[in-house]
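File shown here: my_file_1.cif, holding mmCIF, C-alpha atoms.
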data_query
loop_
_atom_site.label_atom_id
_atom_site.label_comp_id
_atom_site.auth_asym_id
_atom_site.auth_seq_id
_atom_site.Cartn_x
_atom_site.Cartn_y
_atom_site.Cartn_z
CA MET A 1 6.56 126.31 15.46
CA LEU A 2 8.05 129.77 15.98
CA GLN A 3 8.11 129.17 19.75
CA THR A 4 10.18 126.00 19.32
CA LEU A 5 12.42 127.51 16.67
CA SER A 6 13.14 130.64 18.64
CA GLY A 7 13.44 128.78 21.97
CA PRO A 8 15.08 125.35 22.23
CA CYS A 9 16.27 125.28 18.60
CA PHE A 10 17.96 128.66 18.99
CA VAL A 11 19.76 127.59 22.18
CA ALA A 12 20.86 124.33 20.50
CA SER A 13 22.18 126.12 17.41
CA LEU A 14 24.02 128.67 19.55
CA LEU A 15 25.65 125.83 21.49
CA ILE A 16 26.71 124.07 18.27
CA PHE A 17 28.12 127.40 17.04
CA VAL A 18 30.15 128.14 20.17
CA VAL A 19 31.34 124.59 20.93
CA GLY A 20 31.98 123.85 17.25
CA LEU A 21 34.12 126.96 16.78
CA LEU A 22 36.05 126.23 19.99
CA VAL A 23 36.79 122.74 18.69
CA ARG A 24 37.99 124.22 15.39
CA ALA A 25 40.33 126.55 17.36
CA VAL A 26 41.70 123.64 19.40
CA TRP A 27 42.19 121.58 16.22
CA TYR A 28 44.10 124.48 14.71
CA VAL A 29 46.60 124.50 17.58
CA ARG A 30 46.88 120.71 17.57
CA GLY A 31 47.54 120.81 13.84
CA LEU A 32 50.69 122.88 14.35
CA ASP A 33 54.05 121.15 14.36
CA TRP A 34 55.33 121.15 17.92
CA ARG A 35 59.02 121.27 16.96
CA LEU A 36 58.82 123.93 14.26
CA GLU A 37 56.02 126.00 15.67
CA ARG A 38 54.55 125.44 19.13
CA VAL A 39 57.87 125.25 21.02
CA ALA A 40 59.23 128.30 19.23
CA TYR A 41 56.09 130.39 19.86
CA ALA A 42 56.02 129.50 23.55
CA TYR A 43 59.78 130.06 24.05
CA HIS A 44 59.90 133.51 22.41
CA ARG A 45 56.88 135.05 24.14
CA ASP A 46 58.42 138.52 24.08
CA ARG A 47 58.14 138.47 20.29
CA SER A 48 55.34 136.00 19.64
CA ILE A 49 52.62 137.86 21.58
CA PRO A 50 53.22 141.35 20.12
CA GLY A 51 53.61 139.71 16.70
CA ALA A 52 50.27 137.95 17.02
CA LEU A 53 48.41 141.03 18.28
CA SER A 54 49.84 143.30 15.60
CA SER A 55 48.99 140.83 12.84
CA ILE A 56 45.36 140.57 14.04
CA ALA A 57 44.90 144.30 14.63
CA LYS A 58 46.39 145.43 11.32
CA TRP A 59 44.30 143.02 9.25
CA LEU A 60 41.18 144.19 11.09
CA LEU A 61 41.72 147.77 9.92
CA PRO A 62 40.65 148.82 6.42
CA GLY A 63 43.90 149.64 4.62
CA GLY A 64 45.91 148.48 7.60
CA THR A 65 48.16 146.19 5.61
CA ALA A 66 49.89 146.15 2.23
CA GLY A 67 47.69 143.16 1.38
CA TRP A 68 44.54 145.24 1.85
CA ARG A 69 45.93 148.28 0.06
CA ALA A 70 46.86 146.19 -2.97
CA GLN A 71 43.22 145.20 -3.59
CA PRO A 72 40.99 148.16 -2.64
CA VAL A 73 37.77 146.86 -4.21
CA ALA A 74 38.01 143.48 -2.51
CA MET A 75 38.82 145.32 0.71
CA LEU A 76 35.73 147.48 0.34
CA ALA A 77 33.57 144.40 -0.20
CA PHE A 78 35.02 142.57 2.80
CA PHE A 79 34.62 145.48 5.19
CA LEU A 80 31.16 146.48 3.97
CA LEU A 81 30.02 142.95 4.72
CA HIS A 82 31.88 142.43 7.96
CA PHE A 83 30.95 145.63 9.82
CA GLY A 84 27.30 144.57 9.63
CA ALA A 85 28.06 140.88 10.07
CA VAL A 86 29.73 141.54 13.41
CA LEU A 87 27.64 144.44 14.75
CA ILE A 88 24.09 143.46 13.72
CA PRO A 89 23.87 139.95 15.22
CA LEU A 90 25.18 141.28 18.54
CA PHE A 91 23.74 144.78 18.84
CA LEU A 92 20.48 144.98 16.89
CA LEU A 93 17.68 146.03 19.24
CA GLY A 94 15.57 142.88 18.75
CA HIS A 95 18.61 140.69 19.30
CA THR A 96 19.68 142.49 22.48
CA VAL A 97 16.15 142.17 23.91
CA LEU A 98 16.16 138.42 23.22
CA LEU A 99 19.64 138.04 24.68
CA GLU A 100 18.69 139.91 27.82
CA GLN A 101 15.50 137.91 28.26
CA THR A 102 17.16 134.52 27.80
CA THR A 103 20.55 135.05 29.46
CA GLY A 104 20.28 138.25 31.50
CA ILE A 105 23.20 139.74 29.55
CA SER A 106 22.34 143.31 28.61
CA LEU A 107 24.19 144.84 25.66
CA PRO A 108 23.78 148.36 24.25
CA SER A 109 21.75 148.45 21.05
CA LEU A 110 22.27 150.15 17.70
CA PRO A 111 19.90 152.93 16.62
CA SER A 112 17.45 151.51 14.09
CA ASN A 113 18.63 153.65 11.15
CA VAL A 114 22.29 152.79 11.80
CA ALA A 115 21.35 149.08 11.83
CA ASP A 116 19.50 149.52 8.54
CA ILE A 117 22.48 151.21 6.90
CA LEU A 118 24.83 148.49 8.18
CA CYS A 119 22.50 145.79 6.88
CA ILE A 120 22.20 147.35 3.42
CA ALA A 121 25.99 147.85 3.36
CA SER A 122 26.45 144.17 4.20
CA LEU A 123 24.12 143.13 1.40
CA ALA A 124 26.04 145.41 -0.97
CA GLY A 125 29.29 143.81 0.27
CA ILE A 126 27.88 140.37 -0.50
CA GLY A 127 26.86 141.61 -3.95
CA LEU A 128 30.41 142.82 -4.60
CA LEU A 129 31.84 139.52 -3.40
CA VAL A 130 29.52 137.67 -5.79
CA LEU A 131 30.77 139.87 -8.65
CA ARG A 132 34.34 139.23 -7.56
CA ARG A 133 33.72 135.48 -7.60
CA LEU A 134 32.23 135.78 -11.08
CA PHE A 135 34.70 138.11 -12.71
CA SER A 136 38.07 137.94 -10.95
CA PRO A 137 40.05 135.25 -12.81
CA THR A 138 42.13 134.27 -9.79
CA VAL A 139 39.09 133.83 -7.54
CA ARG A 140 37.10 132.15 -10.31
CA GLN A 141 39.68 129.40 -10.58
CA LEU A 142 39.10 128.54 -6.93
CA ASN A 143 35.30 128.65 -6.95
CA THR A 144 33.42 125.61 -5.74
CA TRP A 145 29.73 125.17 -4.85
CA LYS A 146 30.75 125.50 -1.21
CA ASP A 147 31.81 129.14 -1.75
CA TRP A 148 28.46 130.00 -3.27
CA PHE A 149 26.67 128.15 -0.50
CA VAL A 150 28.51 130.12 2.17
CA LEU A 151 27.61 133.40 0.44
CA LEU A 152 23.96 132.32 0.30
CA LEU A 153 24.05 131.29 3.95
CA THR A 154 25.34 134.78 4.82
CA PHE A 155 22.97 136.61 2.51
CA MET A 156 19.76 135.04 3.83
CA PRO A 157 19.70 136.29 7.45
CA PHE A 158 20.47 139.86 6.32
CA PHE A 159 17.92 139.79 3.54
CA THR A 160 15.09 138.21 5.55
CA GLY A 161 15.85 140.50 8.49
CA LEU A 162 15.57 143.58 6.30
CA MET A 163 12.39 142.32 4.60
CA MET A 164 10.85 141.75 8.02
CA LYS A 165 11.06 145.45 8.63
CA TYR A 166 10.04 146.75 5.23
CA ASP A 167 7.41 144.22 4.21
CA VAL A 168 5.16 144.45 7.25
CA ASN A 169 2.24 142.62 5.63
CA THR A 170 4.18 139.37 5.53
CA TYR A 171 6.14 140.06 8.70
CA ASP A 172 5.57 136.62 10.22
CA THR A 173 6.75 134.75 7.12
CA TRP A 174 9.96 136.79 6.90
CA LEU A 175 10.48 136.37 10.63
CA LEU A 176 10.16 132.59 10.37
CA LEU A 177 12.60 132.53 7.43
CA HIS A 178 14.93 134.84 9.37
CA VAL A 179 15.00 132.56 12.41
CA ILE A 180 15.52 129.43 10.27
CA THR A 181 18.29 130.91 8.10
CA GLY A 182 19.96 132.56 11.11
CA GLU A 183 20.04 129.24 12.93
CA LEU A 184 21.31 127.43 9.82
CA PHE A 185 24.16 129.93 9.71
CA LEU A 186 25.02 129.25 13.35
CA VAL A 187 24.80 125.48 13.00
CA LEU A 188 26.82 125.26 9.79
CA ALA A 189 29.49 127.84 10.70
CA PRO A 190 31.85 125.34 12.41
CA PHE A 191 31.61 122.92 9.46
CA THR A 192 32.18 125.39 6.62
CA LYS A 193 34.51 128.22 5.66
CA LEU A 194 32.43 130.33 8.02
CA ALA A 195 34.72 128.87 10.71
CA HIS A 196 36.96 131.81 9.78
CA ILE A 197 34.93 133.63 12.46
CA VAL A 198 37.45 132.08 14.85
CA LEU A 199 40.11 130.71 12.48
CA PHE A 200 40.87 134.21 11.17
CA PHE A 201 42.20 135.03 14.62
CA MET A 202 44.05 131.72 14.92
CA SER A 203 45.85 131.93 11.59
CA ARG A 204 46.60 135.65 11.85
CA ALA A 205 48.02 135.07 15.34
CA GLN A 206 50.12 132.17 14.12
CA LEU A 207 51.51 134.05 11.13
CA GLY A 208 52.18 137.07 13.34
CA MET A 209 54.15 134.88 15.75
CA ASP A 210 55.98 133.10 12.98
CA TYR A 211 57.13 136.25 11.24
CA ALA A 212 58.19 137.87 14.50
CA ILE A 213 60.36 134.89 15.49
CA LYS A 214 61.46 133.16 12.31
CA ARG A 215 61.62 134.41 8.71
CA GLY A 216 63.97 137.25 9.62
CA GLY A 217 62.02 138.21 12.72
CA ARG A 218 65.06 138.09 14.96
CA ALA A 219 67.15 140.29 12.66
CA ARG A 220 64.22 142.69 12.24
CA GLY A 221 63.89 142.79 16.02
CA GLY A 222 60.14 142.96 16.29
CA VAL A 223 56.74 142.54 14.69
CA PHE A 224 56.38 142.13 10.96
CA PRO A 225 55.36 145.32 9.13
CA TRP A 226 52.28 143.85 7.42
CA MET B 1 -51.21 142.07 -3.70
CA PRO B 2 -51.27 141.43 0.02
CA ILE B 3 -48.74 138.63 -0.47
CA ILE B 4 -46.38 140.99 -2.28
CA THR B 5 -46.77 143.53 0.48
CA LEU B 6 -46.02 140.90 3.03
CA ARG B 7 -42.92 139.84 1.08
CA SER B 8 -41.73 143.41 0.75
CA ALA B 9 -42.24 143.99 4.43
CA CYS B 10 -40.36 140.82 5.24
CA ALA B 11 -37.50 141.77 2.89
CA PHE B 12 -37.44 145.27 4.37
CA CYS B 13 -37.34 144.02 7.93
CA CYS B 14 -34.73 141.39 7.17
CA SER B 15 -32.46 143.84 5.39
CA LEU B 16 -32.92 146.30 8.24
CA LEU B 17 -32.03 143.57 10.71
CA LEU B 18 -29.02 142.63 8.60
CA LEU B 19 -27.95 146.26 8.48
CA VAL B 20 -28.24 146.59 12.23
CA LEU B 21 -26.32 143.36 12.74
CA VAL B 22 -23.53 144.48 10.43
CA ALA B 23 -23.46 147.90 12.04
CA THR B 24 -23.35 146.57 15.58
CA SER B 25 -20.77 143.93 14.76
CA SER B 26 -18.42 146.45 13.18
CA GLN B 27 -19.22 148.85 15.97
CA SER B 28 -18.26 146.28 18.59
CA ALA B 29 -14.86 145.80 16.92
CA GLU B 30 -14.36 149.54 16.78
CA SER B 31 -15.42 150.05 20.34
CA ASP B 32 -12.77 147.67 21.69
CA GLU B 33 -10.90 149.48 24.40
CA LEU B 34 -7.46 150.15 22.95
CA LEU B 35 -4.86 151.47 25.36
CA LYS B 36 -1.49 152.85 24.45
CA ILE B 37 0.95 151.45 26.99
CA SER B 38 2.15 154.59 28.75
CA PHE B 39 4.12 153.12 31.65
CA PRO B 40 7.10 153.00 31.84
CA VAL B 41 7.51 156.42 30.24
CA ILE B 42 10.05 156.20 27.43
CA ASN B 43 11.25 159.27 25.60
CA ASN B 44 12.20 158.67 21.96
CA PRO B 45 11.21 154.99 21.94
CA ALA B 46 13.13 152.90 19.41
CA LEU B 47 9.97 151.11 18.30
CA PRO B 48 6.33 152.27 18.18
CA LYS B 49 4.53 151.98 21.50
CA VAL B 50 2.34 148.94 22.06
CA ILE B 51 -1.38 149.47 21.71
CA PHE B 52 -3.08 147.06 24.05
CA ASN B 53 -6.54 145.67 23.31
CA HIS B 54 -8.01 145.69 26.79
CA THR B 55 -11.39 144.26 25.71
CA LYS B 56 -9.84 141.13 24.22
CA HIS B 57 -7.81 140.51 27.35
CA VAL B 58 -10.83 141.04 29.61
CA ASN B 59 -12.80 138.56 27.50
CA TYR B 60 -9.98 136.02 27.68
CA VAL B 61 -9.70 136.36 31.46
CA ASP B 62 -13.50 136.03 31.79
CA GLU B 63 -13.59 132.92 29.64
CA HIS B 64 -10.88 131.32 31.74
CA GLY B 65 -12.62 131.89 35.07
CA SER B 66 -10.36 134.63 36.34
CA ASP B 67 -10.89 138.32 37.09
CA CYS B 68 -9.17 141.73 37.00
CA SER B 69 -6.66 140.65 39.64
CA ARG B 70 -5.15 138.30 37.03
CA CYS B 71 -3.29 141.34 35.71
CA HIS B 72 -4.06 144.28 38.04
CA ARG B 73 -2.81 144.56 41.61
CA VAL B 74 -5.14 145.76 44.36
CA THR B 75 -3.71 148.86 46.02
CA LYS B 76 -5.07 151.27 48.65
CA GLN B 77 -6.23 153.52 45.81
CA GLY B 78 -8.04 150.65 44.11
CA LEU B 79 -6.92 148.56 41.18
CA SER B 80 -3.51 149.50 39.81
CA THR B 81 -3.74 150.77 36.25
CA ALA B 82 -0.39 149.29 35.23
CA ALA B 83 0.02 145.60 34.48
CA PHE B 84 1.21 143.20 37.16
CA ASP B 85 4.07 144.52 39.32
CA VAL B 86 5.71 146.70 36.70
CA ARG B 87 5.64 149.75 38.98
CA LEU B 88 7.61 147.87 41.62
CA GLN B 89 10.49 147.12 39.26
CA LYS B 90 13.65 149.18 39.05
CA ALA B 91 13.44 151.80 36.28
CA GLY B 92 15.96 149.96 34.09
CA ASP B 93 14.12 146.64 34.41
CA GLN B 94 10.57 147.71 33.61
CA VAL B 95 10.62 147.17 29.86
CA SER B 96 12.24 143.79 30.23
CA TYR B 97 9.68 142.91 32.94
CA LEU B 98 6.78 143.73 30.61
CA HIS B 99 8.36 141.80 27.74
CA LYS B 100 8.55 138.78 30.00
CA ALA B 101 5.09 139.22 31.53
CA CYS B 102 3.37 139.58 28.14
CA THR B 103 5.23 136.87 26.26
CA ASP B 104 5.17 134.32 29.11
CA CYS B 105 1.39 134.50 29.27
CA HIS B 106 0.99 134.46 25.48
CA SER B 107 3.35 131.52 25.27
CA LYS B 108 1.44 129.56 27.96
CA SER B 109 -1.91 130.26 26.34
CA GLY B 110 -0.48 129.20 22.98
CA GLN B 111 -1.88 132.36 21.42
CA GLY B 112 -0.47 135.47 19.90
CA PRO B 113 3.06 136.74 19.60
CA ALA B 114 6.27 135.26 20.97
CA LEU B 115 9.12 137.51 22.10
CA VAL B 116 10.77 137.29 18.67
CA GLN B 117 7.73 138.82 16.99
CA CYS B 118 8.67 142.38 17.97
CA ARG B 119 6.62 144.09 15.27
CA THR B 120 3.40 142.24 16.01
CA CYS B 121 2.93 144.42 19.09
CA HIS B 122 5.28 147.29 18.25
CA ALA B 123 3.51 148.09 15.00
CA GLU B 124 2.87 151.60 13.66
CA ALA B 125 -0.92 151.30 13.78
CA ALA B 126 -1.38 148.13 15.74
CA SER B 127 -4.43 147.45 17.79
CA HIS B 128 -3.01 144.80 20.00
CA GLY B 129 -5.06 141.66 19.67
CA GLU B 130 -6.55 142.63 16.32
CA ASN B 131 -3.74 141.11 14.32
CA ASN B 132 -3.22 138.21 16.69
CA LYS B 133 -5.28 135.14 17.13
#
Spell out the structure here as structure tokens.
Amino acid sequence: MLQTLSGPCFVASLLIFVVGLLVRAVWYVRGLDWRLERVAYAYHRDRSIPGALSSIAKWLLPGGTAGWRAQPVAMLAFFLLHFGAVLIPLFLLGHTVLLEQTTGISLPSLPSNVADILCIASLAGIGLLVLRRLFSPTVRQLNTWKDWFVLLLTFMPFFTGLMMKYDVNTYDTWLLLHVITGELFLVLAPFTKLAHIVLFFMSRAQLGMDYAIKRGGRARGGVFPW
Amino acid sequence: MPIITLRSACAFCCSLLLLVLVATSSQSAESDELLKISFPVINNPALPKVIFNHTKHVNYVDEHGSDCSRCHRVTKQGLSTAAFDVRLQKAGDQVSYLHKACTDCHSKSGQGPALVQCRTCHAEAASHGENNK
């Protein structure tokens, strides 16, 4: 079963992940109003491109924007989770070996203790986000089962991956759970809020363009000071 | 009385035989030839080195009608000690070559670890083959 899950099933889930997220990105662009948005963004390239890049870059930096600085605890939770969520799937030693063996692409790998720290930080980030969902009144109002499901979907690959290393007696069980939950994450990402993996960049780029062109962008003469 | 003596002798002999059997069976497991994979040489390896159970692999090859050349190449100096053509690979490709060589064969035979099961072979005190079917 592990052979099938880690072979054909993995390739299939990766394809669903990549193609699904690309479709979500295309849908995002198609969903924009051509008169109000697309024509303006294409016409004012000199402002739309720097605006888009600045908006993405600043929101990727901890404390890079007023929005982040206004909510330091939420910011801490987001970044604790996302450093590991981006770096571990791509650069963990086991993952890089599998990637090299299946595709020939060779990526550098994280030292084991750094990966462990990132993983524990991500789990702590998820814990803080759970607390935020429980206790922040504004977030609580918006909670649906889907939000909890997405948190669970994110929690499982980290947790099972860590247990694989520290509970060696049941290594194979944790490994199987890790492969299954990792693939579930990949498969469901395009159909859930996890699509923000690509839609974050789309919406940040769009807002960056919008604020650099319209909404006082012309008078300000450049990118919006997020 | 003679019957009791006979019984005692029988019990004695049987228990002795049992003891020898137990001893030899555990001894045969302990005397499996376990080799720490030493080529390619890796300084500060990220994971523990693989300990290879040579005896189990020899038995498998025997049972499937093959011989040493299934894994070892014949050179002018005799049989190569390293597995397959690992010494012919570029330095940067040797680990990846061994990963492929080991897991391809294990996958075809339907036994033992797949490539995702890193820690089955790279275990702290693994005796390769002991913890696999």
Nearest to chain B, chosen from A:Leu99, A:Leu90, A:Ala121, A:Leu80, with all atoms listed in the file counted in the distances: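 The closest residue to chain B is A:Leu99.
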Contacts of A:Ser48 at 12 Å (all atoms listed in the file; same-chain gap of 2+ positions) as a ChimeraX atom specification: /A:37-46,50-55,204-214,217-218,221-224
Output of the PyMOL selection byres ((chain B and resi 72) around 7), listed as a list in words: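 Applying the expression gives Cys68, Ser69, Arg70, Cys71, Arg73, Val74, Leu79, Ser80, Thr81, Ala82, Ala83 and Phe84 of chain B.
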Evaluate the PyMOL selection byres ((chain A and resi 130) around 12) and report residues as JSON, numbers by chain: {"A": [74, 77, 78, 81, 123, 124, 125, 126, 127, 128, 129, 131, 132, 133, 134, 135, 136, 139, 140, 143, 147, 148, 149, 150, 151, 152, 154, 155]}
Separation of atom CA of A:Ser13 from atom CA of A:Leu98, in Å and rounded to one decimal: 14.9 Å
Would you write out, as CSV, a table of all residues in chain A that have an atom no more than 12 Å from an atom of chain B, listing for each the closest atom pair and the distance in Å to one decimal, considering only C-alpha atoms and ordering rows by chain and rising residue number?
residue,atom,partner,partner_atom,distance
A:Met1,CA,B:Ala114,CA,10.5
A:Leu2,CA,B:Ala114,CA,7.6
A:Gln3,CA,B:Ala114,CA,6.5
A:Thr4,CA,B:Ala114,CA,10.2
A:Leu5,CA,B:Val116,CA,10.1
A:Ser6,CA,B:Val116,CA,7.1
A:Gly7,CA,B:Val116,CA,9.5
A:Phe10,CA,B:Val116,CA,11.2
A:Leu92,CA,B:Ala46,CA,11.1
A:Leu93,CA,B:Ala46,CA,8.2
A:Gly94,CA,B:Cys118,CA,7.0
A:His95,CA,B:Val116,CA,8.6
A:Thr96,CA,B:Ser96,CA,10.8
A:Val97,CA,B:Ser96,CA,7.6
A:Leu98,CA,B:Val116,CA,7.1
A:Leu99,CA,B:Val116,CA,10.7
A:Glu100,CA,B:Ser96,CA,7.9
A:Gln101,CA,B:Ser96,CA,7.0
A:Thr102,CA,B:Lys100,CA,9.9
A:Gly104,CA,B:Ser96,CA,9.8
A:Ile105,CA,B:Ser96,CA,11.7
A:Ser106,CA,B:Ser96,CA,10.2
A:Ser109,CA,B:Ala46,CA,9.8
A:Leu110,CA,B:Ala46,CA,9.7
A:Pro111,CA,B:Ala46,CA,7.3
A:Ser112,CA,B:Ala46,CA,7.0
A:Asn113,CA,B:Ala46,CA,10.0
A:Val114,CA,B:Ala46,CA,11.9
A:Ala115,CA,B:Ala46,CA,11.8
A:Gly161,CA,B:Val116,CA,11.8
A:Met164,CA,B:Arg119,CA,8.7
A:Lys165,CA,B:Arg119,CA,8.1
A:Tyr166,CA,B:Arg119,CA,10.9
A:Asp167,CA,B:Arg119,CA,11.1
A:Val168,CA,B:Arg119,CA,8.2
A:Asn169,CA,B:Thr120,CA,10.5
A:Thr170,CA,B:Thr120,CA,10.9
A:Tyr171,CA,B:Arg119,CA,7.7
A:Asp172,CA,B:Gln117,CA,7.4
A:Thr173,CA,B:Gln117,CA,10.7
A:Trp174,CA,B:Gln117,CA,10.5
A:Leu175,CA,B:Gln117,CA,7.3
A:Leu176,CA,B:Gln117,CA,9.4
A:His178,CA,B:Val116,CA,10.5
A:Val179,CA,B:Val116,CA,8.9
Top pick for closest residue to A:Asp116, considering A:Leu153, A:Leu61, A:Leu87, A:Val29 and counting all atoms listed in the file: A:Leu87
For atom CA of A:Trp226 and atom CA of A:Thr65, the interatomic separation in Å (one decimal): 5.1 Å
Selection near B:Val58, 12 Å with all atoms listed in the file, sequence-local residues under 3 positions removed, as a list in words: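 Everything that qualifies: Asp32, Glu33, Leu34, Phe52, Asn53, His54, Thr55, Val61, Asp62, Glu63, His64, Gly65, Ser66, Asp67, Cys68, Ser69, Arg70, Cys71, His72 and Gly129 of chain B.
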Nearest to B:Phe39, chosen from B:Arg87, B:His122, B:Lys56, B:His106, with all atoms listed in the file counted in the distances: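 Comparing B:Arg87, B:His122, B:Lys56, B:His106 against B:Phe39, the winner is B:Arg87.
Each of A:Leu36, A:Leu21, A:Val86, A:Leu107 was checked against A:Ser122 using only C-alpha atoms; the smallest atom-to-atom distance is that of A:Val86.
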Who sits within 9 Å of A:Cys119, all atoms listed in the file, same chain under 6 positions skipped, as a ChimeraX atom specification: /A:81,83-85,88,158-159,161-162
